[in-house]
Amino acid sequence: MATKAKSSAEASGGFTGKIGYVMAAAASAVGLGNIWRFPYLCAKYGGGIFLLVYLILVATFGYTLLVSETMIGRMSKKSPIGAYKDLTARRSHSTGSKVFAGVGGWVNALVPFLICPYYCVIGGWITKYFIEYCRNSVKVMANDDYFGGFIGKTAQPEIYFIVFLVLTLAIILLGVQKGVERFSKMMMPALIVLAIVVSIYSCTRPGASVGLKYLFVPNFHEFSMMTVASALGQLFYSLSIAMGIMITYGSYTDDSMDVDQSVGQIEIFDTLIAILAGLMIIPAIFAFSGGDPKVLQSGPSLMFVTLPKVFNSMGLGMAAGIVFFLLVLFAALTSAISLAETCVATLQDELHWSRLKSTLIFAIYAAVIGTCCVFGYSIWSDFTIGGFQILDFLDFITNSIMMPFGAFFTCILVFHFVTVKKMDEEIELASKFKRKKIYNFNVNYLCPIGLAIIFASSVLNAFGIISM
Ligand code: PHE
């Protein structure tokens, strides 16, 4: 595993201090999770109450897990599987510890394998929208049935998915991700500016104020265990935690990095972008569809149905659509690169395959799983798993089951094997650890207990034993 951390660090040029880490972590964090997933979950689970729960979770669970994962990487200088083995072995060589290390490392390492294929399917949808705006289909796309018609087809979504997947893999195979990342860093401010313009436009439409209220004023009647479970899943997804990625990035950093401060910057940046996406989309549902509950509940299709309406009613809708989807395409690409890179590196390290072989086998695997997701909305739409379509099912098991489980292991690794005291000392090597008390409380009590409850309720809910 040392080779992985080293080879990947070399491939990415390593991190020169804090800026490199913050930039890479932000490039991985900001993506479809913020722009596509956050608004639809927020609309679905009651608006303001979801936002409130999400913010509380970012400040507690998000903060604690980001610090922990980064430090696990930094202390072991390894990516997840190796890091788990190494840090448990420092404390104990018992069989139980070995099993713990194996399960913890692999749960973290497997999540990207399940997310990456369906992430590329959605990347394909973005590509399609970008191309359609270039062809000036602004009016047609604003039609309510346009998106459903598109994903209900078989060939088109499949082609766009393959295009996005090939692009992602070509970038990592050619080793040019640094170039792409640099480019997308330049695009990020443009995305923010455009998102602000579109949000202002959305929020000032007649009827949008009800949407603003829906987004910002919590309605406690809408609260349920499902709100917490989905907000937590979203938090993991959006911050790229509980899937080994931040462990790998942490392994490239050195002791001089102020983890506390860097993590704070990533959290704030990622959350602001998610809120901005919410501001573009949620008030628009009220302005253009009168807050129709069916639209609010529409899930993955929300952004693809609502934003075209906004662009259609704006002057310069075609230009806005082209620029917006191009920028989102870049944000999605950098996240997909970080997911695919993690998978390829795991194959290289664990199976000792060459980089080319790992990439090609991963490509075939991702193409098969992604194709199942595409067909799940068209020719296989009658096939559901536990009531979920294939893509939604993958999203559910990773976010609601595997990630809380993996994060729970991370907490145990910290408080039992590494020990919180040692963790504090390591963090303090760089600077004063301002949120030490909060971190210690969270990692010892709040996070493991909370994660166990949420994990158990998601499983019971999935089996229909309880209803959340
Ligand atoms: N955090 C990314 C997003 O919000 C998704 C992602 C998850 C990227 C895991 C890399 C790893 O879109």
# chains A, B, ... in the order shown; residues from 1 in each chain; ligands from 1
$ select_by_dssp --residues "stretch 156-392 of chain A" --states "alpha helix (DSSP H)" --output "PyMOL selection string"
chain A and resi 156-174+177-203+208-216+225-239+245-251+259-289+293-296+302-313+317-351+355-376+390-392
$ residues_around --residues "A:Ser335" --least-positions-apart "3" --cutoff "12 Å" --atoms "only C-alpha atoms" --output "MDAnalysis selection string"
chainID A and resid 24:34 112 115:116 119:120 123 168 177 180:181 184 237:240 245 328:332 338:342
$ residues_around --residues "A:Phe161" --least-positions-apart "3" --cutoff "10 Å" --atoms "only C-alpha atoms" --output "PDB file with N, CA and C atoms, in the first residue's frame"
ATOM      1  N   PRO A 117     -19.464   4.198 -11.285  1.00  0.00           N
ATOM      2  CA  PRO A 117     -20.239   3.934 -12.506  1.00  0.00           C
ATOM      3  C   PRO A 117     -21.498   4.795 -12.618  1.00  0.00           C
ATOM      4  N   TYR A 118     -22.253   4.913 -11.517  1.00  0.00           N
ATOM      5  CA  TYR A 118     -23.491   5.682 -11.681  1.00  0.00           C
ATOM      6  C   TYR A 118     -23.213   7.184 -11.716  1.00  0.00           C
ATOM      7  N   TYR A 119     -22.098   7.589 -11.116  1.00  0.00           N
ATOM      8  CA  TYR A 119     -21.697   9.007 -11.203  1.00  0.00           C
ATOM      9  C   TYR A 119     -21.467   9.362 -12.684  1.00  0.00           C
ATOM     10  N   CYS A 120     -20.849   8.423 -13.405  1.00  0.00           N
ATOM     11  CA  CYS A 120     -20.574   8.662 -14.829  1.00  0.00           C
ATOM     12  C   CYS A 120     -21.862   8.656 -15.649  1.00  0.00           C
ATOM     13  N   VAL A 121     -22.879   7.903 -15.207  1.00  0.00           N
ATOM     14  CA  VAL A 121     -24.166   7.941 -15.909  1.00  0.00           C
ATOM     15  C   VAL A 121     -24.747   9.359 -15.799  1.00  0.00           C
ATOM     16  N   ILE A 122     -24.674   9.933 -14.621  1.00  0.00           N
ATOM     17  CA  ILE A 122     -25.212  11.291 -14.449  1.00  0.00           C
ATOM     18  C   ILE A 122     -24.311  12.301 -15.173  1.00  0.00           C
ATOM     19  N   GLY A 123     -23.008  12.031 -15.157  1.00  0.00           N
ATOM     20  CA  GLY A 123     -22.086  12.855 -15.957  1.00  0.00           C
ATOM     21  C   GLY A 123     -22.520  12.848 -17.421  1.00  0.00           C
ATOM     22  N   GLY A 124     -23.011  11.688 -17.874  1.00  0.00           N
ATOM     23  CA  GLY A 124     -23.510  11.572 -19.249  1.00  0.00           C
ATOM     24  C   GLY A 124     -24.743  12.456 -19.464  1.00  0.00           C
ATOM     25  N   TRP A 125     -25.628  12.505 -18.487  1.00  0.00           N
ATOM     26  CA  TRP A 125     -26.821  13.364 -18.609  1.00  0.00           C
ATOM     27  C   TRP A 125     -26.391  14.826 -18.761  1.00  0.00           C
ATOM     28  N   ILE A 126     -25.370  15.201 -17.966  1.00  0.00           N
ATOM     29  CA  ILE A 126     -24.888  16.590 -18.030  1.00  0.00           C
ATOM     30  C   ILE A 126     -24.315  16.867 -19.421  1.00  0.00           C
ATOM     31  N   THR A 127     -23.559  15.883 -19.938  1.00  0.00           N
ATOM     32  CA  THR A 127     -22.967  16.047 -21.268  1.00  0.00           C
ATOM     33  C   THR A 127     -24.071  16.262 -22.310  1.00  0.00           C
ATOM     34  N   LYS A 128     -25.112  15.445 -22.212  1.00  0.00           N
ATOM     35  CA  LYS A 128     -26.232  15.562 -23.147  1.00  0.00           C
ATOM     36  C   LYS A 128     -26.847  16.978 -23.066  1.00  0.00           C
ATOM     37  N   ALA A 155     -30.454   3.914 -26.148  1.00  0.00           N
ATOM     38  CA  ALA A 155     -29.163   4.166 -26.793  1.00  0.00           C
ATOM     39  C   ALA A 155     -28.545   5.497 -26.356  1.00  0.00           C
ATOM     40  N   GLN A 156     -29.356   6.564 -26.390  1.00  0.00           N
ATOM     41  CA  GLN A 156     -28.777   7.898 -26.122  1.00  0.00           C
ATOM     42  C   GLN A 156     -28.103   8.025 -24.759  1.00  0.00           C
ATOM     43  N   PRO A 157     -28.833   7.709 -23.662  1.00  0.00           N
ATOM     44  CA  PRO A 157     -28.154   7.853 -22.362  1.00  0.00           C
ATOM     45  C   PRO A 157     -26.932   6.950 -22.258  1.00  0.00           C
ATOM     46  N   GLU A 158     -26.994   5.800 -22.939  1.00  0.00           N
ATOM     47  CA  GLU A 158     -25.865   4.874 -22.894  1.00  0.00           C
ATOM     48  C   GLU A 158     -24.646   5.501 -23.593  1.00  0.00           C
ATOM     49  N   PHE A 164     -18.696   9.981 -21.268  1.00  0.00           N
ATOM     50  CA  PHE A 164     -18.199  10.559 -20.010  1.00  0.00           C
ATOM     51  C   PHE A 164     -17.197   9.616 -19.332  1.00  0.00           C
ATOM     52  N   LEU A 165     -17.519   8.333 -19.327  1.00  0.00           N
ATOM     53  CA  LEU A 165     -16.632   7.348 -18.689  1.00  0.00           C
ATOM     54  C   LEU A 165     -15.271   7.306 -19.402  1.00  0.00           C
ATOM     55  N   VAL A 166     -15.317   7.265 -20.730  1.00  0.00           N
ATOM     56  CA  VAL A 166     -14.069   7.182 -21.491  1.00  0.00           C
ATOM     57  C   VAL A 166     -13.224   8.439 -21.252  1.00  0.00           C
ATOM     58  N   LEU A 167     -13.884   9.577 -21.213  1.00  0.00           N
ATOM     59  CA  LEU A 167     -13.172  10.827 -20.966  1.00  0.00           C
ATOM     60  C   LEU A 167     -12.462  10.775 -19.609  1.00  0.00           C
ATOM     61  N   ALA A 367     -18.380   0.045 -17.125  1.00  0.00           N
ATOM     62  CA  ALA A 367     -19.294   0.094 -18.271  1.00  0.00           C
ATOM     63  C   ALA A 367     -20.478  -0.842 -18.022  1.00  0.00           C
ATOM     64  N   GLY A 370     -22.644   0.655 -15.069  1.00  0.00           N
ATOM     65  CA  GLY A 370     -23.296   1.889 -15.528  1.00  0.00           C
ATOM     66  C   GLY A 370     -24.410   1.576 -16.525  1.00  0.00           C
ATOM     67  N   THR A 371     -24.153   0.587 -17.395  1.00  0.00           N
ATOM     68  CA  THR A 371     -25.181   0.213 -18.375  1.00  0.00           C
ATOM     69  C   THR A 371     -26.431  -0.326 -17.660  1.00  0.00           C
ATOM     70  N   VAL A 374     -28.316   2.640 -16.604  1.00  0.00           N
ATOM     71  CA  VAL A 374     -28.999   3.287 -17.730  1.00  0.00           C
ATOM     72  C   VAL A 374     -30.260   2.496 -18.093  1.00  0.00           C
TER      73      VAL A 374
END
$ closest_residue --among "A:Ser76, A:Ser97, A:Ser224, A:Thr306" --to "A:Ser467" --atoms "only C-alpha atoms"
A:Ser224
$ atom_distance --atom1 "atom CA of A:Thr359" --atom2 "atom CA of A:Ile337"
11.9 Å
$ closest_residue --among "A:Ala242, A:Val459, A:Val305, A:Ala229" --to "ligand 1" --atoms "only C-alpha atoms and all ligand atoms"
A:Ala242
$ residues_around --residues "A:Gly105" --least-positions-apart "4" --cutoff "6 Å" --atoms "only C-alpha atoms" --output "list in words"
Pro80, Ile81, Tyr84 and Ala101 of chain A
$ residues_around --residues "A:Ile266" --least-positions-apart "3" --cutoff "7 Å" --atoms "only C-alpha atoms" --output "list in words"
Val22, Ala26, Ser262, Val263, Phe269 and Asp270 of chain A
$ write_last_selection --atoms "N, CA, C and O atoms" --output "compact mmCIF listing (two decimals), in the first residue's frame"
# COMPACT_ATOMS: atom_id res chain seq x y z
N VAL A 22 -5.94 21.46 0.22
CA VAL A 22 -7.26 22.10 0.21
C VAL A 22 -7.82 22.13 -1.21
O VAL A 22 -8.98 21.81 -1.45
N ALA A 26 -11.00 20.06 -2.34
CA ALA A 26 -12.16 20.83 -2.80
C ALA A 26 -12.57 20.39 -4.20
O ALA A 26 -13.76 20.28 -4.50
N SER A 262 -7.65 23.79 7.54
CA SER A 262 -7.90 23.35 6.17
C SER A 262 -9.26 22.69 6.04
O SER A 262 -10.01 22.94 5.09
N VAL A 263 -9.58 21.84 7.02
CA VAL A 263 -10.86 21.15 6.99
C VAL A 263 -12.01 22.15 7.06
O VAL A 263 -13.00 22.03 6.34
N PHE A 269 -16.63 25.92 1.99
CA PHE A 269 -16.71 26.07 0.55
C PHE A 269 -17.75 25.11 -0.05
O PHE A 269 -18.62 25.50 -0.82
N ASP A 270 -17.64 23.86 0.36
CA ASP A 270 -18.54 22.84 -0.19
C ASP A 270 -20.00 23.14 0.16
O ASP A 270 -20.90 23.01 -0.67
$ closest_residue --among "A:Val176, A:Arg91, A:Ile151, A:Ile200" --to "A:Met314" --atoms "only C-alpha atoms"
A:Ile200
$ residues_around --residues "A:Asp145" --least-positions-apart "4" --cutoff "12 Å" --atoms "only C-alpha atoms" --output "VMD selection string"
chain A and resid 140 to 141 149 to 152 295 301 to 302 304 to 306 308 to 309
$ closest_residue --among "A:Ser458, A:Gln389, A:Thr419, A:Asn108" --to "ligand 1" --atoms "only C-alpha atoms and all ligand atoms"
A:Asn108
$ closest_residue --among "A:Phe236, A:Phe288, A:Tyr160, A:Phe393" --to "ligand 1" --atoms "only C-alpha atoms and all ligand atoms"
A:Phe236
$ closest_residue --among "A:Ser68, A:Leu347, A:Pro404, A:Tyr21" --to "A:Lys422" --atoms "only C-alpha atoms"
A:Ser68
$ residues_around --residues "A:Glu426" --least-positions-apart "3" --cutoff "9 Å" --atoms "only C-alpha atoms" --output "mmCIF file with N, CA, C and O atoms, in the first residue's frame"
data_model
loop_
_atom_site.group_PDB
_atom_site.id
_atom_site.type_symbol
_atom_site.label_atom_id
_atom_site.label_comp_id
_atom_site.auth_asym_id
_atom_site.auth_seq_id
_atom_site.Cartn_x
_atom_site.Cartn_y
_atom_site.Cartn_z
ATOM 1 N N MET A 71 -6.089 12.730 8.945
ATOM 2 C CA MET A 71 -5.014 12.367 9.870
ATOM 3 C C MET A 71 -4.635 10.896 9.758
ATOM 4 O O MET A 71 -3.470 10.539 9.909
ATOM 5 N N MET A 75 -0.871 10.053 9.117
ATOM 6 C CA MET A 75 -0.062 9.280 10.063
ATOM 7 C C MET A 75 0.449 7.986 9.453
ATOM 8 O O MET A 75 1.530 7.525 9.792
ATOM 9 N N ASP A 255 3.464 16.969 8.225
ATOM 10 C CA ASP A 255 3.074 17.398 9.561
ATOM 11 C C ASP A 255 2.879 18.899 9.709
ATOM 12 O O ASP A 255 2.377 19.370 10.731
ATOM 13 N N LYS A 421 -5.783 10.810 22.219
ATOM 14 C CA LYS A 421 -4.667 11.592 22.746
ATOM 15 C C LYS A 421 -3.563 11.722 21.688
ATOM 16 O O LYS A 421 -3.052 12.805 21.416
ATOM 17 N N LYS A 422 -3.253 10.598 21.084
ATOM 18 C CA LYS A 422 -2.205 10.581 20.062
ATOM 19 C C LYS A 422 -2.640 11.451 18.864
ATOM 20 O O LYS A 422 -1.834 12.202 18.285
ATOM 21 N N MET A 423 -3.916 11.353 18.533
ATOM 22 C CA MET A 423 -4.450 12.131 17.419
ATOM 23 C C MET A 423 -4.273 13.624 17.705
ATOM 24 O O MET A 423 -3.806 14.375 16.854
ATOM 25 N N LEU A 429 1.020 19.197 16.085
ATOM 26 C CA LEU A 429 2.375 19.390 15.560
ATOM 27 C C LEU A 429 2.440 20.647 14.703
ATOM 28 O O LEU A 429 3.450 21.326 14.634
ATOM 29 N N ALA A 430 1.340 20.938 14.012
ATOM 30 C CA ALA A 430 1.363 22.076 13.098
ATOM 31 C C ALA A 430 0.942 23.370 13.769
ATOM 32 O O ALA A 430 1.521 24.422 13.559
#
